[in-house]
>>> print(open('structure.pdb').read())   # PDB, C-alpha atoms (C1' of nucleotides)
ATOM      1  CA  MET Z   1      -0.464   0.698  28.042
ATOM      2  CA  GLU Z   2      -3.963  -0.336  26.967
ATOM      3  CA  SER Z   3      -3.897   2.306  24.243
ATOM      4  CA  LEU Z   4      -0.977   0.604  22.506
ATOM      5  CA  LYS Z   5      -2.764  -2.713  22.086
ATOM      6  CA  LEU Z   6      -3.332  -3.685  18.489
ATOM      7  CA  GLU Z   7      -6.980  -4.544  19.066
ATOM      8  CA  ASN Z   8      -7.791  -1.197  20.626
ATOM      9  CA  GLN Z   9      -6.495   0.885  17.771
ATOM     10  CA  ILE Z  10      -8.760   2.090  15.022
ATOM     11  CA  CYS Z  11      -5.824   2.369  12.622
ATOM     12  CA  PHE Z  12      -5.089  -1.332  12.408
ATOM     13  CA  PRO Z  13      -8.575  -2.524  11.381
ATOM     14  CA  LEU Z  14      -8.697   0.307   8.874
ATOM     15  CA  TYR Z  15      -5.359  -0.652   7.361
ATOM     16  CA  THR Z  16      -6.219  -4.348   7.338
ATOM     17  CA  ALA Z  17      -9.745  -3.900   5.964
ATOM     18  CA  SER Z  18      -8.336  -1.866   3.099
ATOM     19  CA  ARG Z  19      -5.832  -4.560   2.183
ATOM     20  CA  ILE Z  20      -8.427  -7.326   2.506
ATOM     21  CA  MET Z  21     -10.769  -5.356   0.262
ATOM     22  CA  VAL Z  22      -8.090  -5.027  -2.431
ATOM     23  CA  GLN Z  23      -7.417  -8.748  -2.131
ATOM     24  CA  ALA Z  24     -11.118  -9.447  -2.632
ATOM     25  CA  TYR Z  25     -11.143  -7.307  -5.789
ATOM     26  CA  THR Z  26      -7.979  -8.811  -7.237
ATOM     27  CA  PRO Z  27      -9.349 -12.061  -8.746
ATOM     28  CA  LEU Z  28     -12.278 -10.196 -10.339
ATOM     29  CA  LEU Z  29     -10.032  -7.478 -11.730
ATOM     30  CA  LYS Z  30      -7.668 -10.113 -13.066
ATOM     31  CA  THR Z  31     -10.335 -11.015 -15.633
ATOM     32  CA  LEU Z  32     -10.045  -7.402 -16.820
ATOM     33  CA  GLY Z  33      -6.266  -7.505 -16.622
ATOM     34  CA  VAL Z  34      -5.927  -4.540 -14.261
ATOM     35  CA  THR Z  35      -4.852  -3.889 -10.676
ATOM     36  CA  TYR Z  36      -7.009  -2.155  -8.085
ATOM     37  CA  PRO Z  37      -5.464   1.333  -8.471
ATOM     38  CA  GLN Z  38      -5.707   0.961 -12.242
ATOM     39  CA  TYR Z  39      -9.385   0.108 -11.779
ATOM     40  CA  LEU Z  40      -9.827   3.367  -9.858
ATOM     41  CA  VAL Z  41      -8.393   5.281 -12.814
ATOM     42  CA  LEU Z  42     -10.854   3.472 -15.063
ATOM     43  CA  LEU Z  43     -13.740   4.461 -12.766
ATOM     44  CA  VAL Z  44     -12.708   8.100 -13.201
ATOM     45  CA  LEU Z  45     -12.394   7.803 -16.961
ATOM     46  CA  TRP Z  46     -15.708   5.964 -17.349
ATOM     47  CA  GLU Z  47     -17.279   9.004 -15.734
ATOM     48  CA  GLU Z  48     -15.292  11.731 -17.456
ATOM     49  CA  GLU Z  49     -14.193  10.560 -20.919
ATOM     50  CA  GLU Z  50     -11.385  13.102 -21.238
ATOM     51  CA  THR Z  51      -9.446  14.372 -18.269
ATOM     52  CA  THR Z  52      -5.935  15.323 -17.165
ATOM     53  CA  VAL Z  53      -3.291  13.774 -14.965
ATOM     54  CA  GLY Z  54      -3.974  16.501 -12.416
ATOM     55  CA  GLN Z  55      -7.711  15.798 -12.339
ATOM     56  CA  ILE Z  56      -7.035  12.122 -11.702
ATOM     57  CA  THR Z  57      -4.642  12.878  -8.849
ATOM     58  CA  LYS Z  58      -7.235  15.180  -7.278
ATOM     59  CA  ARG Z  59     -10.064  12.742  -7.688
ATOM     60  CA  LEU Z  60      -8.141   9.795  -6.271
ATOM     61  CA  GLN Z  61      -6.095  11.859  -3.801
ATOM     62  CA  LEU Z  62      -2.893  10.252  -5.016
ATOM     63  CA  GLU Z  63       0.428  11.899  -5.902
ATOM     64  CA  THR Z  64       1.698  12.441  -9.428
ATOM     65  CA  SER Z  65       4.582  10.181  -8.538
ATOM     66  CA  THR Z  66       2.066   7.371  -8.118
ATOM     67  CA  ILE Z  67      -0.228   8.228 -11.007
ATOM     68  CA  THR Z  68       2.263   8.977 -13.765
ATOM     69  CA  PRO Z  69       3.978   5.568 -13.767
ATOM     70  CA  LEU Z  70       0.592   3.882 -13.359
ATOM     71  CA  LEU Z  71      -0.802   5.699 -16.399
ATOM     72  CA  LYS Z  72       2.265   4.772 -18.391
ATOM     73  CA  ARG Z  73       1.620   1.099 -17.653
ATOM     74  CA  MET Z  74      -2.009   1.517 -18.696
ATOM     75  CA  GLU Z  75      -0.855   3.195 -21.886
ATOM     76  CA  GLN Z  76       1.467   0.277 -22.610
ATOM     77  CA  MET Z  77      -1.499  -2.038 -22.179
ATOM     78  CA  GLU Z  78      -3.410   0.133 -24.655
ATOM     79  CA  ILE Z  79      -6.206   0.890 -22.195
ATOM     80  CA  ILE Z  80      -5.659   4.650 -22.257
ATOM     81  CA  GLN Z  81      -3.934   7.346 -24.287
ATOM     82  CA  ARG Z  82      -1.787  10.204 -22.967
ATOM     83  CA  LYS Z  83      -1.276  13.382 -24.964
ATOM     84  CA  ARG Z  84       0.086  16.831 -24.139
ATOM     85  CA  SER Z  85      -2.607  19.488 -24.350
ATOM     86  CA  ASP Z  86      -2.220  21.962 -27.216
ATOM     87  CA  LEU Z  87      -3.812  24.776 -25.225
ATOM     88  CA  ASP Z  88      -1.592  24.332 -22.182
ATOM     89  CA  GLU Z  89       1.478  22.249 -22.776
ATOM     90  CA  ARG Z  90       1.947  21.628 -19.074
ATOM     91  CA  LYS Z  91      -1.149  19.488 -19.026
ATOM     92  CA  VAL Z  92      -1.377  15.901 -20.198
ATOM     93  CA  MET Z  93      -4.771  14.808 -21.480
ATOM     94  CA  VAL Z  94      -5.847  11.270 -20.666
ATOM     95  CA  THR Z  95      -8.489   9.404 -22.660
ATOM     96  CA  LEU Z  96      -9.715   5.833 -22.947
ATOM     97  CA  THR Z  97      -8.923   3.725 -25.982
ATOM     98  CA  GLN Z  98     -11.732   1.639 -27.447
ATOM     99  CA  LYS Z  99     -10.367  -1.249 -25.418
ATOM    100  CA  GLY Z 100     -10.680   0.862 -22.281
ATOM    101  CA  VAL Z 101     -14.243   1.864 -23.137
ATOM    102  CA  ASP Z 102     -15.237  -1.743 -23.766
ATOM    103  CA  MET Z 103     -13.971  -2.869 -20.373
ATOM    104  CA  LYS Z 104     -16.825  -0.998 -18.711
ATOM    105  CA  GLN Z 105     -19.317  -3.708 -19.721
ATOM    106  CA  LYS Z 106     -17.396  -6.454 -17.982
ATOM    107  CA  ALA Z 107     -16.778  -4.262 -14.942
ATOM    108  CA  CYS Z 108     -20.466  -3.737 -14.195
ATOM    109  CA  MET Z 109     -20.859  -6.939 -12.225
ATOM    110  CA  ILE Z 110     -17.854  -6.298 -10.008
ATOM    111  CA  PRO Z 111     -19.377  -3.925  -7.431
ATOM    112  CA  GLU Z 112     -22.451  -6.078  -6.904
ATOM    113  CA  ALA Z 113     -20.473  -9.286  -6.744
ATOM    114  CA  LEU Z 114     -18.374  -7.829  -3.948
ATOM    115  CA  MET Z 115     -21.281  -6.243  -2.114
ATOM    116  CA  GLU Z 116     -22.923  -9.635  -1.936
ATOM    117  CA  SER Z 117     -19.796 -11.370  -0.680
ATOM    118  CA  THR Z 118     -20.106  -9.317   2.506
ATOM    119  CA  ASN Z 119     -23.049  -9.938   4.805
ATOM    120  CA  PHE Z 120     -23.495  -6.217   5.376
ATOM    121  CA  SER Z 121     -26.928  -4.663   5.368
ATOM    122  CA  ILE Z 122     -27.652  -1.505   3.418
ATOM    123  CA  GLU Z 123     -27.689   0.375   6.730
ATOM    124  CA  GLU Z 124     -24.281  -0.931   7.741
ATOM    125  CA  LEU Z 125     -22.796  -0.083   4.365
ATOM    126  CA  GLY Z 126     -24.281   3.398   4.572
ATOM    127  CA  THR Z 127     -22.914   3.952   8.074
ATOM    128  CA  LEU Z 128     -19.470   2.703   7.097
ATOM    129  CA  HIS Z 129     -19.435   4.860   3.981
ATOM    130  CA  ALA Z 130     -20.484   7.949   5.947
ATOM    131  CA  LEU Z 131     -17.906   7.441   8.696
ATOM    132  CA  LEU Z 132     -15.057   6.816   6.271
ATOM    133  CA  THR Z 133     -16.012   9.816   4.167
ATOM    134  CA  LYS Z 134     -16.171  12.026   7.252
ATOM    135  CA  PHE Z 135     -12.744  10.818   8.295
ATOM    136  CA  ILE Z 136     -11.261  11.515   4.873
ATOM    137  CA  GLN Z 137     -12.706  15.003   4.676
ATOM    138  CA  GLN Z 138     -11.385  15.881   8.114
ATOM    139  CA  GLU Z 139      -7.863  14.728   7.516
ATOM    140  CA  ALA Z 140      -7.335  15.611   3.889
TER
ATOM    141  CA  MET K   1     -23.959   2.711 -14.458
ATOM    142  CA  GLU K   2     -24.600   4.295 -11.046
ATOM    143  CA  SER K   3     -22.825   1.407  -9.361
ATOM    144  CA  LEU K   4     -19.551   2.243 -11.085
ATOM    145  CA  LYS K   5     -19.398   5.796  -9.757
ATOM    146  CA  LEU K   6     -16.466   6.429  -7.479
ATOM    147  CA  GLU K   7     -18.596   8.088  -4.815
ATOM    148  CA  ASN K   8     -21.020   5.181  -4.598
ATOM    149  CA  GLN K   9     -18.397   2.570  -3.921
ATOM    150  CA  ILE K  10     -17.488   1.538  -0.414
ATOM    151  CA  CYS K  11     -14.059   0.395  -1.576
ATOM    152  CA  PHE K  12     -12.726   3.801  -2.506
ATOM    153  CA  PRO K  13     -13.363   5.552   0.830
ATOM    154  CA  LEU K  14     -11.910   2.528   2.581
ATOM    155  CA  TYR K  15      -8.774   2.589   0.472
ATOM    156  CA  THR K  16      -8.417   6.359   0.786
ATOM    157  CA  ALA K  17      -9.117   6.496   4.518
ATOM    158  CA  SER K  18      -6.431   3.893   5.099
ATOM    159  CA  ARG K  19      -3.837   5.880   3.157
ATOM    160  CA  ILE K  20      -4.833   9.144   4.851
ATOM    161  CA  MET K  21      -4.537   7.459   8.227
ATOM    162  CA  VAL K  22      -1.011   6.268   7.451
ATOM    163  CA  GLN K  23      -0.136   9.790   6.289
ATOM    164  CA  ALA K  24      -1.434  11.179   9.590
ATOM    165  CA  TYR K  25       0.758   8.750  11.522
ATOM    166  CA  THR K  26       3.882   9.380   9.470
ATOM    167  CA  PRO K  27       5.132  12.654  11.038
ATOM    168  CA  LEU K  28       4.606  11.265  14.563
ATOM    169  CA  LEU K  29       6.341   8.005  13.735
ATOM    170  CA  LYS K  30       9.202   9.909  12.167
ATOM    171  CA  THR K  31      10.195  11.053  15.661
ATOM    172  CA  LEU K  32      10.597   7.351  16.454
ATOM    173  CA  GLY K  33      12.356   6.691  13.174
ATOM    174  CA  VAL K  34       9.934   4.009  11.977
ATOM    175  CA  THR K  35       7.329   3.563   9.247
ATOM    176  CA  TYR K  36       3.713   2.617   9.873
ATOM    177  CA  PRO K  37       4.095  -1.142   9.201
ATOM    178  CA  GLN K  38       7.220  -1.154  11.352
ATOM    179  CA  TYR K  39       5.148   0.491  14.093
ATOM    180  CA  LEU K  40       2.642  -2.357  13.826
ATOM    181  CA  VAL K  41       5.443  -4.853  14.415
ATOM    182  CA  LEU K  42       6.471  -2.839  17.472
ATOM    183  CA  LEU K  43       2.889  -2.943  18.777
ATOM    184  CA  VAL K  44       3.017  -6.731  18.571
ATOM    185  CA  LEU K  45       6.404  -6.934  20.285
ATOM    186  CA  TRP K  46       5.445  -4.510  23.037
ATOM    187  CA  GLU K  47       2.657  -6.939  23.855
ATOM    188  CA  GLU K  48       4.539 -10.186  23.422
ATOM    189  CA  GLU K  49       8.228  -9.691  24.191
ATOM    190  CA  GLU K  50       9.395 -12.788  22.332
ATOM    191  CA  THR K  51       7.608 -14.082  19.268
ATOM    192  CA  THR K  52       8.268 -15.614  15.861
ATOM    193  CA  VAL K  53       8.065 -14.426  12.275
ATOM    194  CA  GLY K  54       5.028 -16.635  11.833
ATOM    195  CA  GLN K  55       3.229 -15.159  14.845
ATOM    196  CA  ILE K  56       3.783 -11.660  13.498
ATOM    197  CA  THR K  57       2.444 -12.562  10.068
ATOM    198  CA  LYS K  58      -0.670 -14.070  11.685
ATOM    199  CA  ARG K  59      -1.244 -11.147  14.000
ATOM    200  CA  LEU K  60      -0.837  -8.524  11.264
ATOM    201  CA  GLN K  61      -2.319 -10.671   8.485
ATOM    202  CA  LEU K  62       0.642  -9.937   6.252
ATOM    203  CA  GLU K  63       2.705 -12.335   4.142
ATOM    204  CA  THR K  64       6.193 -13.552   5.019
ATOM    205  CA  SER K  65       7.368 -11.866   1.855
ATOM    206  CA  THR K  66       6.347  -8.552   3.399
ATOM    207  CA  ILE K  67       7.449  -9.225   6.975
ATOM    208  CA  THR K  68      10.858 -10.798   6.442
ATOM    209  CA  PRO K  69      12.429  -7.839   4.593
ATOM    210  CA  LEU K  70      10.723  -5.437   7.015
ATOM    211  CA  LEU K  71      12.181  -7.259  10.015
ATOM    212  CA  LYS K  72      15.612  -7.233   8.403
ATOM    213  CA  ARG K  73      15.444  -3.456   8.124
ATOM    214  CA  MET K  74      14.379  -3.209  11.761
ATOM    215  CA  GLU K  75      17.285  -5.453  12.700
ATOM    216  CA  GLN K  76      19.665  -3.176  10.789
ATOM    217  CA  MET K  77      18.284  -0.248  12.771
ATOM    218  CA  GLU K  78      18.952  -2.255  15.941
ATOM    219  CA  ILE K  79      15.331  -2.117  17.058
ATOM    220  CA  ILE K  80      14.882  -5.899  17.073
ATOM    221  CA  GLN K  81      16.893  -9.114  17.027
ATOM    222  CA  ARG K  82      16.264 -12.187  14.862
ATOM    223  CA  LYS K  83      17.542 -15.615  15.851
ATOM    224  CA  ARG K  84      16.801 -19.153  14.671
ATOM    225  CA  SER K  85      15.077 -21.195  17.355
ATOM    226  CA  ASP K  86      17.164 -24.008  18.841
ATOM    227  CA  LEU K  87      14.098 -26.146  19.483
ATOM    228  CA  ASP K  88      12.720 -25.845  15.966
ATOM    229  CA  GLU K  89      15.197 -24.582  13.439
ATOM    230  CA  ARG K  90      12.473 -23.629  11.003
ATOM    231  CA  LYS K  91      11.338 -20.870  13.331
ATOM    232  CA  VAL K  92      12.968 -17.489  13.716
ATOM    233  CA  MET K  93      12.576 -15.853  17.106
ATOM    234  CA  VAL K  94      12.078 -12.092  17.164
ATOM    235  CA  THR K  95      12.812  -9.971  20.227
ATOM    236  CA  LEU K  96      13.170  -6.271  20.980
ATOM    237  CA  THR K  97      16.562  -4.741  21.688
ATOM    238  CA  GLN K  98      16.812  -2.294  24.588
ATOM    239  CA  LYS K  99      16.381   0.465  22.012
ATOM    240  CA  GLY K 100      13.153  -1.153  20.852
ATOM    241  CA  VAL K 101      11.886  -1.489  24.419
ATOM    242  CA  ASP K 102      12.656   2.144  25.158
ATOM    243  CA  MET K 103      10.662   3.367  22.161
ATOM    244  CA  LYS K 104       7.455   2.322  23.888
ATOM    245  CA  GLN K 105       7.605   5.342  26.200
ATOM    246  CA  LYS K 106       7.677   7.828  23.347
ATOM    247  CA  ALA K 107       4.980   5.926  21.461
ATOM    248  CA  CYS K 108       2.399   6.257  24.227
ATOM    249  CA  MET K 109       1.194   9.674  23.149
ATOM    250  CA  ILE K 110       0.721   8.671  19.517
ATOM    251  CA  PRO K 111      -2.697   6.961  19.686
ATOM    252  CA  GLU K 112      -4.257   9.763  21.739
ATOM    253  CA  ALA K 113      -2.727  12.502  19.620
ATOM    254  CA  LEU K 114      -4.309  10.971  16.536
ATOM    255  CA  MET K 115      -7.648  10.231  18.197
ATOM    256  CA  GLU K 116      -7.921  13.875  19.096
ATOM    257  CA  SER K 117      -7.050  15.064  15.611
ATOM    258  CA  THR K 118     -10.308  13.495  14.418
ATOM    259  CA  ASN K 119     -13.581  14.986  15.609
ATOM    260  CA  PHE K 120     -15.043  11.551  16.112
ATOM    261  CA  SER K 121     -17.096  10.735  19.169
ATOM    262  CA  ILE K 122     -16.469   7.593  21.178
ATOM    263  CA  GLU K 123     -19.653   6.154  19.678
ATOM    264  CA  GLU K 124     -18.525   6.842  16.121
ATOM    265  CA  LEU K 125     -15.115   5.318  16.761
ATOM    266  CA  GLY K 126     -16.762   2.290  18.308
ATOM    267  CA  THR K 127     -19.121   1.857  15.375
ATOM    268  CA  LEU K 128     -16.314   2.232  12.846
ATOM    269  CA  HIS K 129     -14.123  -0.220  14.724
ATOM    270  CA  ALA K 130     -16.939  -2.773  14.934
ATOM    271  CA  LEU K 131     -17.847  -2.506  11.248
ATOM    272  CA  LEU K 132     -14.247  -2.767  10.066
ATOM    273  CA  THR K 133     -13.590  -5.713  12.340
ATOM    274  CA  LYS K 134     -16.713  -7.472  11.097
ATOM    275  CA  PHE K 135     -15.624  -6.887   7.517
ATOM    276  CA  ILE K 136     -12.148  -8.281   8.175
ATOM    277  CA  GLN K 137     -13.448 -11.388   9.903
ATOM    278  CA  GLN K 138     -15.834 -12.110   7.061
ATOM    279  CA  GLU K 139     -13.338 -11.793   4.284
ATOM    280  CA  ALA K 140     -10.186 -13.171   5.886
TER
ATOM    281  C1'  DT L   1      13.685 -46.651   8.712
ATOM    282  C1'  DA L   2      12.653 -44.537   4.313
ATOM    283  C1'  DT L   3       9.462 -41.650   1.976
ATOM    284  C1'  DT L   4       6.186 -38.156   1.675
ATOM    285  C1'  DT L   5       3.891 -34.170   3.391
ATOM    286  C1'  DT L   6       3.613 -30.191   5.941
ATOM    287  C1'  DT L   7       5.503 -26.191   8.134
ATOM    288  C1'  DG L   8       8.229 -21.941   8.590
ATOM    289  C1'  DT L   9      11.031 -18.634   6.278
ATOM    290  C1'  DA L  10      13.220 -16.632   2.607
ATOM    291  C1'  DT L  11      13.845 -14.853  -2.182
ATOM    292  C1'  DC L  12      12.407 -12.758  -6.520
ATOM    293  C1'  DG L  13       9.883  -9.731  -9.514
ATOM    294  C1'  DC L  14       6.517  -6.406 -10.148
ATOM    295  C1'  DA L  15       3.268  -2.719  -8.943
ATOM    296  C1'  DA L  16       2.075   0.636  -5.821
ATOM    297  C1'  DA L  17       2.816   4.778  -2.641
ATOM    298  C1'  DC L  18       5.189   8.735  -1.415
ATOM    299  C1'  DG L  19       8.719  12.370  -0.198
ATOM    300  C1'  DA L  20      12.133  15.024  -2.441
ATOM    301  C1'  DT L  21      13.683  16.997  -6.391
ATOM    302  C1'  DA L  22      13.682  18.577 -11.224
ATOM    303  C1'  DT L  23      11.887  20.964 -15.236
ATOM    304  C1'  DA L  24       9.271  22.982 -18.566
ATOM    305  C1'  DA L  25       5.251  26.091 -19.508
ATOM    306  C1'  DT L  26       2.304  29.617 -17.921
ATOM    307  C1'  DA L  27       0.939  33.474 -14.959
ATOM    308  C1'  DC L  28       2.150  37.400 -12.465
ATOM    309  C1'  DA L  29       4.746  41.472 -11.085
ATOM    310  C1'  DA L  30       8.101  45.027 -11.284
TER
ATOM    311  C1'  DT S   1       9.514  43.231 -21.191
ATOM    312  C1'  DT S   2      12.110  40.948 -17.878
ATOM    313  C1'  DG S   3      12.434  38.590 -13.910
ATOM    314  C1'  DT S   4       9.805  35.835 -10.463
ATOM    315  C1'  DA S   5       6.371  32.784  -8.792
ATOM    316  C1'  DT S   6       3.185  29.221  -9.722
ATOM    317  C1'  DT S   7       1.429  25.201 -12.008
ATOM    318  C1'  DA S   8       1.512  20.585 -14.110
ATOM    319  C1'  DT S   9       4.112  16.543 -14.732
ATOM    320  C1'  DA S  10       7.920  13.696 -14.383
ATOM    321  C1'  DT S  11      11.858  11.227 -12.160
ATOM    322  C1'  DC S  12      14.381   9.017  -8.416
ATOM    323  C1'  DG S  13      15.053   6.299  -4.280
ATOM    324  C1'  DT S  14      13.081   3.721  -0.589
ATOM    325  C1'  DT S  15       9.565   0.926   1.584
ATOM    326  C1'  DT S  16       5.465  -1.798   1.172
ATOM    327  C1'  DG S  17       2.594  -5.602  -0.408
ATOM    328  C1'  DC S  18       1.919  -9.782  -2.612
ATOM    329  C1'  DG S  19       1.961 -13.894  -5.773
ATOM    330  C1'  DA S  20       5.046 -17.435  -7.142
ATOM    331  C1'  DT S  21       8.690 -20.153  -6.067
ATOM    332  C1'  DA S  22      12.351 -22.356  -3.331
ATOM    333  C1'  DC S  23      14.173 -24.963   0.494
ATOM    334  C1'  DA S  24      15.440 -26.910   4.791
ATOM    335  C1'  DA S  25      13.542 -28.772   9.106
ATOM    336  C1'  DA S  26      10.007 -31.288  11.294
ATOM    337  C1'  DA S  27       6.002 -34.276  11.220
ATOM    338  C1'  DA S  28       3.357 -37.889   9.372
ATOM    339  C1'  DT S  29       2.998 -42.057   6.908
ATOM    340  C1'  DA S  30       4.262 -46.259   4.669
TER
END
>>> encode(input="structure.pdb", output="structure tokens")
Amino acid sequence: MESLKLENQICFPLYTASRIMVQAYTPLLKTLGVTYPQYLVLLVLWEEEETTVGQITKRLQLETSTITPLLKRMEQMEIIQRKRSDLDERKVMVTLTQKGVDMKQKACMIPEALMESTNFSIEELGTLHALLTKFIQQEA
Amino acid sequence: MESLKLENQICFPLYTASRIMVQAYTPLLKTLGVTYPQYLVLLVLWEEEETTVGQITKRLQLETSTITPLLKRMEQMEIIQRKRSDLDERKVMVTLTQKGVDMKQKACMIPEALMESTNFSIEELGTLHALLTKFIQQEA
DNA sequence: TATTTTTGTATCGCAAACGATATAATACAA
DNA sequence: TTGTATTATATCGTTTGCGATACAAAAATA
């Protein structure tokens, strides 16, 4: 049963690396007052200004049942605004508040800070990124 | 702000790939009646027969606050048994029930079935495994 | 031996994550 | 136009995941 050994599986390192990565982000994101998934929503909004719930779910490949409550928490914190579209009342428009816009400045140092905390070369990071992206595109 | 773009981050593909992987496992594990983290506990127990809560948390790098409730659910399902150690009453011994032992047979096909569903070569899988393992060892 | 520290689990509260289901608004078809 | 299908979000219930805290047993120290 070699195949059932924890060390031989690709799934376990993937699962663990993902959790460890979130744990590494957590103290830095705490200074912004957001969680890791909330940070992902911010990354989308810093790129797109105005978007919809559906666009966010597509971009992050998460379900509405995950995103809706998360956005509500971010609205409570006054980081974003949610508003039904006038043109299509099924859609909910999502925009940053000024507070949300301002957070981008502080966030700039986060990616580099974390890059440096790993001893990965540019090549290794590129390889890892390519393999993970390939995996995602195959399965999704 | 190139560094803040979703596509340029290593964290997002890692996070997404991990979730997609769990989603790929889910239908197969459903035939066993377990979730992905419960499957990880089974992998440990299929290797070790008798272990403790602490050993499981170390092996899976998860907190007691995650493992204890999870083990209680597995005990309810009669997959495992939990019992305070006589030698050291702080420890809780965890063992498989016959039902838990028997599940190993069915589980054998799972790793291969999922390997094949990806179009990854042995080299790619090896590279991915090595990079993820390196990352985990650095950060943990 | 008495006290302090460490170890091993457990509990609590909160935020994901997701399948299943519900429900309006819009699009499409008869 | 009326009925039907699709789309966009939301809600609910269950399981994770984790930080903070609690607590008893064992180990270390005074």
>>> residues_around(input="structure.pdb", residues="segment 21-27 of chain L", least_positions_apart="6", cutoff="9 Å", atoms="all atoms listed in the file", output="count of residues only")
11
>>> atom_distance(input="structure.pdb", atom1="atom CA of Leu96 of chain Z", atom2="atom CA of Leu40 of chain Z")
13.3 Å
>>> closest_atom_pairs(input="structure.pdb", of="chain Z", to="chain S", cutoff="10 Å", atoms="only C-alpha atoms (C1' of nucleotides)", output="JSON lines")
{"residue": "Z:Arg19", "atom": "CA", "partner": "S:DG17", "partner_atom": "C1'", "distance": 8.9}
{"residue": "Z:Gln23", "atom": "CA", "partner": "S:DC18", "partner_atom": "C1'", "distance": 9.4}
{"residue": "Z:Thr52", "atom": "CA", "partner": "S:DA8", "partner_atom": "C1'", "distance": 9.6}
{"residue": "Z:Val53", "atom": "CA", "partner": "S:DT9", "partner_atom": "C1'", "distance": 7.9}
{"residue": "Z:Gly54", "atom": "CA", "partner": "S:DA8", "partner_atom": "C1'", "distance": 7.0}
{"residue": "Z:Thr64", "atom": "CA", "partner": "S:DT9", "partner_atom": "C1'", "distance": 7.1}
{"residue": "Z:Ser65", "atom": "CA", "partner": "S:DA10", "partner_atom": "C1'", "distance": 7.6}
{"residue": "Z:Thr68", "atom": "CA", "partner": "S:DA10", "partner_atom": "C1'", "distance": 7.4}
{"residue": "Z:Pro69", "atom": "CA", "partner": "S:DA10", "partner_atom": "C1'", "distance": 9.1}
{"residue": "Z:Asp88", "atom": "CA", "partner": "S:DA8", "partner_atom": "C1'", "distance": 9.4}
{"residue": "Z:Glu89", "atom": "CA", "partner": "S:DA8", "partner_atom": "C1'", "distance": 8.8}
{"residue": "Z:Arg90", "atom": "CA", "partner": "S:DA8", "partner_atom": "C1'", "distance": 5.1}
{"residue": "Z:Lys91", "atom": "CA", "partner": "S:DA8", "partner_atom": "C1'", "distance": 5.7}
{"residue": "Z:Val92", "atom": "CA", "partner": "S:DT9", "partner_atom": "C1'", "distance": 7.8}
>>> residues_around(input="structure.pdb", residues="segment 117-126 of chain Z", least_positions_apart="6", cutoff="8 Å", atoms="all atoms listed in the file", output="mmCIF file with C-alpha atoms, keeping the file's coordinate frame")
data_model
loop_
_atom_site.group_PDB
_atom_site.id
_atom_site.type_symbol
_atom_site.label_atom_id
_atom_site.label_comp_id
_atom_site.auth_asym_id
_atom_site.auth_seq_id
_atom_site.Cartn_x
_atom_site.Cartn_y
_atom_site.Cartn_z
ATOM 1 C CA ILE K 10 -17.488 1.538 -0.414
ATOM 2 C CA LEU K 131 -17.847 -2.506 11.248
ATOM 3 C CA PHE K 135 -15.624 -6.887 7.517
ATOM 4 C CA GLN K 138 -15.834 -12.110 7.061
ATOM 5 C CA GLU K 139 -13.338 -11.793 4.284
#
>>> interface_residues(input="structure.pdb", of="chain K", to="chain Z", cutoff="7 Å", atoms="only C-alpha atoms", output="PyMOL selection string")
chain K and resi 3-6+10-11+13-15+17-18+20-21+43+108+111+118+128-129+131-133+135-136+138-140
>>> write_last_selection(input="structure.pdb", atoms="C-alpha atoms", output="compact mmCIF listing (two decimals), in the coordinates of the input")
# COMPACT_ATOMS: atom_id res chain seq x y z
CA SER K 3 -22.82 1.41 -9.36
CA LEU K 4 -19.55 2.24 -11.08
CA LYS K 5 -19.40 5.80 -9.76
CA LEU K 6 -16.47 6.43 -7.48
CA ILE K 10 -17.49 1.54 -0.41
CA CYS K 11 -14.06 0.40 -1.58
CA PRO K 13 -13.36 5.55 0.83
CA LEU K 14 -11.91 2.53 2.58
CA TYR K 15 -8.77 2.59 0.47
CA ALA K 17 -9.12 6.50 4.52
CA SER K 18 -6.43 3.89 5.10
CA ILE K 20 -4.83 9.14 4.85
CA MET K 21 -4.54 7.46 8.23
CA LEU K 43 2.89 -2.94 18.78
CA CYS K 108 2.40 6.26 24.23
CA PRO K 111 -2.70 6.96 19.69
CA THR K 118 -10.31 13.50 14.42
CA LEU K 128 -16.31 2.23 12.85
CA HIS K 129 -14.12 -0.22 14.72
CA LEU K 131 -17.85 -2.51 11.25
CA LEU K 132 -14.25 -2.77 10.07
CA THR K 133 -13.59 -5.71 12.34
CA PHE K 135 -15.62 -6.89 7.52
CA ILE K 136 -12.15 -8.28 8.18
CA GLN K 138 -15.83 -12.11 7.06
CA GLU K 139 -13.34 -11.79 4.28
CA ALA K 140 -10.19 -13.17 5.89
>>> interface_residues(input="structure.pdb", of="chain L", to="chain K", cutoff="10 Å", atoms="only C-alpha atoms (C1' of nucleotides)", output="list of chain:residue names")
L:DT7, L:DG8, L:DT9, L:DA10, L:DT11, L:DC12, L:DA17, L:DC18
>>> atom_distance(input="structure.pdb", atom1="atom C1' of DT1 of chain L", atom2="atom CA of Leu87 of chain K")
23.2 Å
>>> residues_near_point(input="structure.pdb", point="(14.4, -5.5, 17.2)", cutoff="9 Å", atoms="all atoms listed in the file", output="MDAnalysis selection string")
chainID K and resid 42 45 71 74:82 94:101
>>> atom_distance(input="structure.pdb", atom1="atom CA of Pro27 of chain Z", atom2="atom CA of Ile56 of chain Z")
24.5 Å
